[in-house]
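Student: Attaching a single structure in structure tokens format; questions to follow.
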Amino acid sequence: IYRDGLRLRRGDAPQASAVQSCALGALAAQVRLGRDPAAPGARLSSSAGGYILMDYGYVEGMLVKRAPHRAAHLAHWQPEFESGAIRLAGAYSPAEGALFVFYGKTREWIEARAQTDPYYVAGLVTSVKTKEWSVVAGADWLKPPASPP
């Protein structure tokens, strides 16, 4: 599936349990504009606290090159995991990049935060792309918190 230039395939799902990977693949396969999983027909946007995908491109040999920066990278994003702003995240296999699923943050906020990620600062991230994402299936599984983080 192509959405604003971002290619999503079932095999691109973040490393997760088989159920989560399958559900994310099904969700990505059904991406449609203007659909809110909580209220069919309502439009979600980054300013309204919707879902945002962030796609990282990685340098060649990332699995080896990331080692000295991995703990700092995970610590960098930990507050967003704890608040619920990051719903899922993980590297592709092979490690050519990573996908993050954010909720309740703007694209501008996410892009600014990515530029301070230790992987980015070390030159391991070759590209950062953000896209609004309308979840139309599996909303119970990827249910947002009662209020945006």
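Labels used: A, B, ... for chains in the order of the structure tokens, numbers from 1 for residues in each chain, and numbers from 1 for ligands as shown.
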If we count only C-alpha atoms, what is near A:Tyr58 at a cut-off of 12 Å, once residues fewer than 4 positions away on the same chain are taken out, given as a PyMOL selection string?
Tutor: chain A and resi 62-66+91-99+119-120+122-128
Student: Limited to N, CA, C and O atoms, could you put the picked residues into a file as an mmCIF file, in the first residue's frame?
Tutor:
data_model
loop_
_atom_site.group_PDB
_atom_site.id
_atom_site.type_symbol
_atom_site.label_atom_id
_atom_site.label_comp_id
_atom_site.auth_asym_id
_atom_site.auth_seq_id
_atom_site.Cartn_x
_atom_site.Cartn_y
_atom_site.Cartn_z
ATOM 1 N N MET A 62 23.211 -1.430 10.172
ATOM 2 C CA MET A 62 22.631 -0.828 11.371
ATOM 3 C C MET A 62 22.745 -1.725 12.603
ATOM 4 O O MET A 62 22.997 -1.234 13.704
ATOM 5 N N LEU A 63 22.565 -3.019 12.442
ATOM 6 C CA LEU A 63 22.589 -3.909 13.602
ATOM 7 C C LEU A 63 23.912 -3.828 14.358
ATOM 8 O O LEU A 63 23.928 -3.911 15.587
ATOM 9 N N VAL A 64 24.999 -3.621 13.653
ATOM 10 C CA VAL A 64 26.313 -3.495 14.292
ATOM 11 C C VAL A 64 26.529 -2.057 14.757
ATOM 12 O O VAL A 64 26.960 -1.815 15.884
ATOM 13 N N LYS A 65 26.205 -1.097 13.906
ATOM 14 C CA LYS A 65 26.483 0.315 14.196
ATOM 15 C C LYS A 65 25.642 0.882 15.334
ATOM 16 O O LYS A 65 26.049 1.823 15.993
ATOM 17 N N ARG A 66 24.473 0.305 15.580
ATOM 18 C CA ARG A 66 23.602 0.846 16.624
ATOM 19 C C ARG A 66 24.048 0.509 18.039
ATOM 20 O O ARG A 66 23.635 1.155 19.001
ATOM 21 N N ALA A 91 11.996 -2.175 14.540
ATOM 22 C CA ALA A 91 12.760 -2.205 13.296
ATOM 23 C C ALA A 91 12.144 -3.196 12.319
ATOM 24 O O ALA A 91 11.519 -4.178 12.716
ATOM 25 N N TYR A 92 12.341 -2.914 11.045
ATOM 26 C CA TYR A 92 11.960 -3.851 10.003
ATOM 27 C C TYR A 92 12.954 -5.008 10.006
ATOM 28 O O TYR A 92 14.032 -4.917 10.585
ATOM 29 N N SER A 93 12.598 -6.067 9.336
ATOM 30 C CA SER A 93 13.504 -7.185 9.172
ATOM 31 C C SER A 93 13.634 -7.468 7.677
ATOM 32 O O SER A 93 12.637 -7.815 7.046
ATOM 33 N N PRO A 94 14.798 -7.239 7.084
ATOM 34 C CA PRO A 94 16.055 -6.827 7.689
ATOM 35 C C PRO A 94 15.998 -5.378 8.186
ATOM 36 O O PRO A 94 15.100 -4.620 7.810
ATOM 37 N N ALA A 95 16.970 -5.005 8.995
ATOM 38 C CA ALA A 95 16.977 -3.706 9.680
ATOM 39 C C ALA A 95 17.348 -2.559 8.731
ATOM 40 O O ALA A 95 18.382 -1.923 8.866
ATOM 41 N N GLU A 96 16.450 -2.294 7.770
ATOM 42 C CA GLU A 96 16.640 -1.183 6.826
ATOM 43 C C GLU A 96 16.002 0.094 7.343
ATOM 44 O O GLU A 96 16.160 1.152 6.767
ATOM 45 N N GLY A 97 15.243 -0.029 8.422
ATOM 46 C CA GLY A 97 14.543 1.112 8.996
ATOM 47 C C GLY A 97 13.660 0.642 10.122
ATOM 48 O O GLY A 97 13.762 -0.500 10.575
ATOM 49 N N ALA A 98 12.780 1.548 10.563
ATOM 50 C CA ALA A 98 11.877 1.228 11.665
ATOM 51 C C ALA A 98 10.568 1.969 11.465
ATOM 52 O O ALA A 98 10.499 2.973 10.758
ATOM 53 N N LEU A 99 9.533 1.473 12.112
ATOM 54 C CA LEU A 99 8.218 2.087 12.069
ATOM 55 C C LEU A 99 7.755 2.360 13.489
ATOM 56 O O LEU A 99 7.869 1.494 14.365
ATOM 57 N N TYR A 119 20.144 7.820 17.737
ATOM 58 C CA TYR A 119 20.424 7.214 16.438
ATOM 59 C C TYR A 119 20.548 8.300 15.367
ATOM 60 O O TYR A 119 21.424 8.250 14.509
ATOM 61 N N TYR A 120 19.649 9.277 15.387
ATOM 62 C CA TYR A 120 19.661 10.365 14.415
ATOM 63 C C TYR A 120 20.918 11.218 14.594
ATOM 64 O O TYR A 120 21.617 11.534 13.627
ATOM 65 N N ALA A 122 23.731 10.428 15.835
ATOM 66 C CA ALA A 122 24.921 9.664 15.447
ATOM 67 C C ALA A 122 25.003 9.424 13.942
ATOM 68 O O ALA A 122 25.962 8.811 13.467
ATOM 69 N N GLY A 123 24.010 9.878 13.186
ATOM 70 C CA GLY A 123 24.024 9.703 11.740
ATOM 71 C C GLY A 123 23.571 8.336 11.270
ATOM 72 O O GLY A 123 23.817 7.950 10.128
ATOM 73 N N LEU A 124 22.875 7.590 12.128
ATOM 74 C CA LEU A 124 22.405 6.250 11.763
ATOM 75 C C LEU A 124 21.042 6.263 11.080
ATOM 76 O O LEU A 124 20.637 5.276 10.473
ATOM 77 N N VAL A 125 20.318 7.373 11.199
ATOM 78 C CA VAL A 125 19.007 7.525 10.566
ATOM 79 C C VAL A 125 19.197 8.339 9.290
ATOM 80 O O VAL A 125 19.663 9.477 9.335
ATOM 81 N N THR A 126 18.844 7.743 8.155
ATOM 82 C CA THR A 126 19.034 8.410 6.863
ATOM 83 C C THR A 126 17.824 9.203 6.420
ATOM 84 O O THR A 126 17.935 10.094 5.592
ATOM 85 N N SER A 127 16.650 8.867 6.958
ATOM 86 C CA SER A 127 15.439 9.603 6.593
ATOM 87 C C SER A 127 14.399 9.453 7.695
ATOM 88 O O SER A 127 14.381 8.453 8.415
ATOM 89 N N VAL A 128 13.578 10.475 7.824
ATOM 90 C CA VAL A 128 12.457 10.476 8.760
ATOM 91 C C VAL A 128 11.238 10.927 7.968
ATOM 92 O O VAL A 128 11.229 12.026 7.413
#
Student: Hey, which of A:Ala85, A:Val101, A:Val136, A:Ala75 ends up closest to A:Met54? Count only C-alpha atoms.
Tutor: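 When distances to A:Met54 are compared using only C-alpha atoms, the smallest one comes from A:Val101.
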Student: So which residues touch stretch 108-113 of chain A within 12 Å, counting only C-alpha atoms, skipping near sequence neighbours fewer than 3 positions away, as a VMD selection string?
Tutor: chain A and resid 46 to 47 49 51 to 56 73 76 to 77 79 to 80 85 to 86 100 to 105 116 to 121 127 to 132
Student: Save out the residues we just selected, N, CA, C and O atoms, as a short mmCIF file (atom, residue, chain, number, x, y, z; two decimals), in the first residue's frame.
Tutor:
data_model
loop_
_atom_site.label_atom_id
_atom_site.label_comp_id
_atom_site.auth_asym_id
_atom_site.auth_seq_id
_atom_site.Cartn_x
_atom_site.Cartn_y
_atom_site.Cartn_z
N SER A 46 -3.52 14.96 12.77
CA SER A 46 -2.51 15.13 13.81
C SER A 46 -2.92 16.21 14.79
O SER A 46 -2.69 16.10 15.98
N SER A 47 -3.56 17.26 14.31
CA SER A 47 -3.97 18.33 15.22
C SER A 47 -5.13 17.91 16.10
O SER A 47 -5.34 18.46 17.16
N GLY A 49 -5.36 14.90 17.36
CA GLY A 49 -4.93 13.81 18.23
C GLY A 49 -5.07 12.45 17.60
O GLY A 49 -5.31 11.48 18.29
N TYR A 51 -3.65 9.24 14.81
CA TYR A 51 -2.47 8.41 14.69
C TYR A 51 -1.51 8.99 13.65
O TYR A 51 -1.94 9.49 12.61
N ILE A 52 -0.22 8.88 13.94
CA ILE A 52 0.83 9.31 13.02
C ILE A 52 1.84 8.17 12.92
O ILE A 52 2.28 7.64 13.94
N LEU A 53 2.18 7.79 11.69
CA LEU A 53 3.25 6.83 11.48
C LEU A 53 4.54 7.59 11.26
O LEU A 53 4.56 8.62 10.58
N MET A 54 5.62 7.10 11.85
CA MET A 54 6.94 7.66 11.57
C MET A 54 7.80 6.52 11.04
O MET A 54 7.93 5.47 11.69
N ASP A 55 8.36 6.74 9.86
CA ASP A 55 9.20 5.76 9.21
C ASP A 55 10.64 6.26 9.23
O ASP A 55 10.92 7.36 8.75
N TYR A 56 11.53 5.49 9.83
CA TYR A 56 12.97 5.78 9.83
C TYR A 56 13.63 4.97 8.74
O TYR A 56 13.33 3.79 8.57
N HIS A 73 19.04 5.38 22.76
CA HIS A 73 17.90 5.46 21.85
C HIS A 73 16.62 4.99 22.55
O HIS A 73 15.59 5.67 22.50
N HIS A 76 15.57 7.44 25.15
CA HIS A 76 15.03 8.66 24.51
C HIS A 76 13.52 8.55 24.28
O HIS A 76 12.78 9.50 24.50
N TRP A 77 13.08 7.39 23.83
CA TRP A 77 11.66 7.19 23.51
C TRP A 77 10.85 6.66 24.69
O TRP A 77 9.62 6.62 24.62
N PRO A 79 9.80 7.84 27.62
CA PRO A 79 8.67 8.64 28.12
C PRO A 79 7.43 8.57 27.22
O PRO A 79 6.30 8.58 27.71
N GLU A 80 7.65 8.46 25.91
CA GLU A 80 6.51 8.37 24.99
C GLU A 80 5.84 7.00 25.08
O GLU A 80 4.62 6.89 24.93
N ALA A 85 1.92 7.69 24.08
CA ALA A 85 2.05 8.41 22.82
C ALA A 85 2.59 7.49 21.72
O ALA A 85 2.20 7.61 20.56
N ILE A 86 3.49 6.58 22.08
CA ILE A 86 3.94 5.56 21.12
C ILE A 86 3.14 4.30 21.41
O ILE A 86 3.20 3.74 22.50
N PHE A 100 7.26 3.57 13.72
CA PHE A 100 6.69 3.96 15.00
C PHE A 100 5.23 4.32 14.74
O PHE A 100 4.92 4.97 13.74
N VAL A 101 4.35 3.97 15.64
CA VAL A 101 2.95 4.38 15.59
C VAL A 101 2.69 5.28 16.79
O VAL A 101 2.75 4.83 17.94
N PHE A 102 2.44 6.56 16.52
CA PHE A 102 2.17 7.55 17.56
C PHE A 102 0.69 7.84 17.64
O PHE A 102 -0.03 7.75 16.64
N TYR A 103 0.25 8.26 18.81
CA TYR A 103 -1.12 8.71 19.01
C TYR A 103 -1.09 10.01 19.81
O TYR A 103 -0.41 10.11 20.83
N GLY A 104 -1.83 11.00 19.32
CA GLY A 104 -2.03 12.24 20.09
C GLY A 104 -0.89 13.24 20.00
O GLY A 104 -0.83 14.16 20.81
N LYS A 105 0.01 13.07 19.05
CA LYS A 105 1.10 14.02 18.85
C LYS A 105 1.02 14.56 17.42
O LYS A 105 0.51 13.90 16.52
N THR A 116 16.37 14.58 17.82
CA THR A 116 17.18 14.49 19.03
C THR A 116 17.41 13.03 19.46
O THR A 116 18.04 12.79 20.49
N ASP A 117 16.91 12.08 18.68
CA ASP A 117 17.13 10.66 18.94
C ASP A 117 18.62 10.37 18.79
O ASP A 117 19.24 10.80 17.81
N PRO A 118 19.23 9.66 19.74
CA PRO A 118 20.65 9.33 19.62
C PRO A 118 21.02 8.63 18.30
O PRO A 118 22.13 8.84 17.80
N TYR A 119 20.14 7.82 17.74
CA TYR A 119 20.42 7.21 16.44
C TYR A 119 20.55 8.30 15.37
O TYR A 119 21.42 8.25 14.51
N TYR A 120 19.65 9.28 15.39
CA TYR A 120 19.66 10.36 14.42
C TYR A 120 20.92 11.22 14.59
O TYR A 120 21.62 11.53 13.63
N VAL A 121 21.20 11.59 15.83
CA VAL A 121 22.36 12.44 16.15
C VAL A 121 23.66 11.75 15.71
O VAL A 121 24.58 12.41 15.22
N SER A 127 16.65 8.87 6.96
CA SER A 127 15.44 9.60 6.59
C SER A 127 14.40 9.45 7.69
O SER A 127 14.38 8.45 8.41
N VAL A 128 13.58 10.48 7.82
CA VAL A 128 12.46 10.48 8.76
C VAL A 128 11.24 10.93 7.97
O VAL A 128 11.23 12.03 7.41
N LYS A 129 10.22 10.08 7.90
CA LYS A 129 8.98 10.41 7.21
C LYS A 129 7.83 10.22 8.17
O LYS A 129 7.76 9.21 8.87
N THR A 130 6.93 11.18 8.20
CA THR A 130 5.73 11.04 9.02
C THR A 130 4.51 11.11 8.12
O THR A 130 4.50 11.84 7.13
N LYS A 131 3.50 10.35 8.50
CA LYS A 131 2.25 10.29 7.73
C LYS A 131 1.09 10.16 8.69
O LYS A 131 1.17 9.41 9.66
N GLU A 132 0.00 10.87 8.43
CA GLU A 132 -1.22 10.65 9.20
C GLU A 132 -1.76 9.29 8.83
O GLU A 132 -1.67 8.86 7.68
#
Student: Residues of stretch 102-144 of chain A in alpha helix (DSSP H) according to DSSP, as a list in words?
Tutor: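 After running DSSP on the backbone, stretch 102-144 of chain A has alpha helix (DSSP H) at Arg107, Glu108, Trp109, Ile110, Glu111, Ala112, Arg113, Ala114, Pro118, Tyr119, Tyr120 and Val121 of chain A.
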Student: Output N, CA and C atoms of each residue in that selection to a file, as a short mmCIF file (atom, residue, chain, number, x, y, z; two decimals), in the first residue's frame.
Tutor:
data_model
loop_
_atom_site.label_atom_id
_atom_site.label_comp_id
_atom_site.auth_asym_id
_atom_site.auth_seq_id
_atom_site.Cartn_x
_atom_site.Cartn_y
_atom_site.Cartn_z
N ARG A 107 2.68 15.90 13.79
CA ARG A 107 3.81 15.52 12.95
C ARG A 107 5.02 16.38 13.28
N GLU A 108 4.80 17.66 13.51
CA GLU A 108 5.90 18.58 13.82
C GLU A 108 6.61 18.18 15.12
N TRP A 109 5.83 17.83 16.13
CA TRP A 109 6.40 17.41 17.40
C TRP A 109 7.23 16.14 17.22
N ILE A 110 6.67 15.18 16.51
CA ILE A 110 7.34 13.89 16.28
C ILE A 110 8.64 14.10 15.51
N GLU A 111 8.61 14.90 14.45
CA GLU A 111 9.80 15.14 13.65
C GLU A 111 10.88 15.86 14.46
N ALA A 112 10.49 16.81 15.28
CA ALA A 112 11.46 17.52 16.13
C ALA A 112 12.07 16.55 17.15
N ARG A 113 11.26 15.70 17.73
CA ARG A 113 11.74 14.72 18.72
C ARG A 113 12.69 13.72 18.05
N ALA A 114 12.38 13.32 16.81
CA ALA A 114 13.24 12.38 16.09
C ALA A 114 14.63 12.95 15.88
N PRO A 118 19.23 9.66 19.74
CA PRO A 118 20.65 9.33 19.62
C PRO A 118 21.02 8.63 18.30
N TYR A 119 20.14 7.82 17.74
CA TYR A 119 20.42 7.21 16.44
C TYR A 119 20.55 8.30 15.37
N TYR A 120 19.65 9.28 15.39
CA TYR A 120 19.66 10.36 14.42
C TYR A 120 20.92 11.22 14.59
N VAL A 121 21.20 11.59 15.83
CA VAL A 121 22.36 12.44 16.15
C VAL A 121 23.66 11.75 15.71
#
Student: State, in Å with one decimal place, the distance from atom CA of A:Glu60 to atom CA of A:Arg87.
Tutor: 26.7 Å
Student: Using Å and a single decimal, report how far atom CA of A:Ser83 sits from atom CA of A:Thr106.
Tutor: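 It comes out at 15.0 Å.
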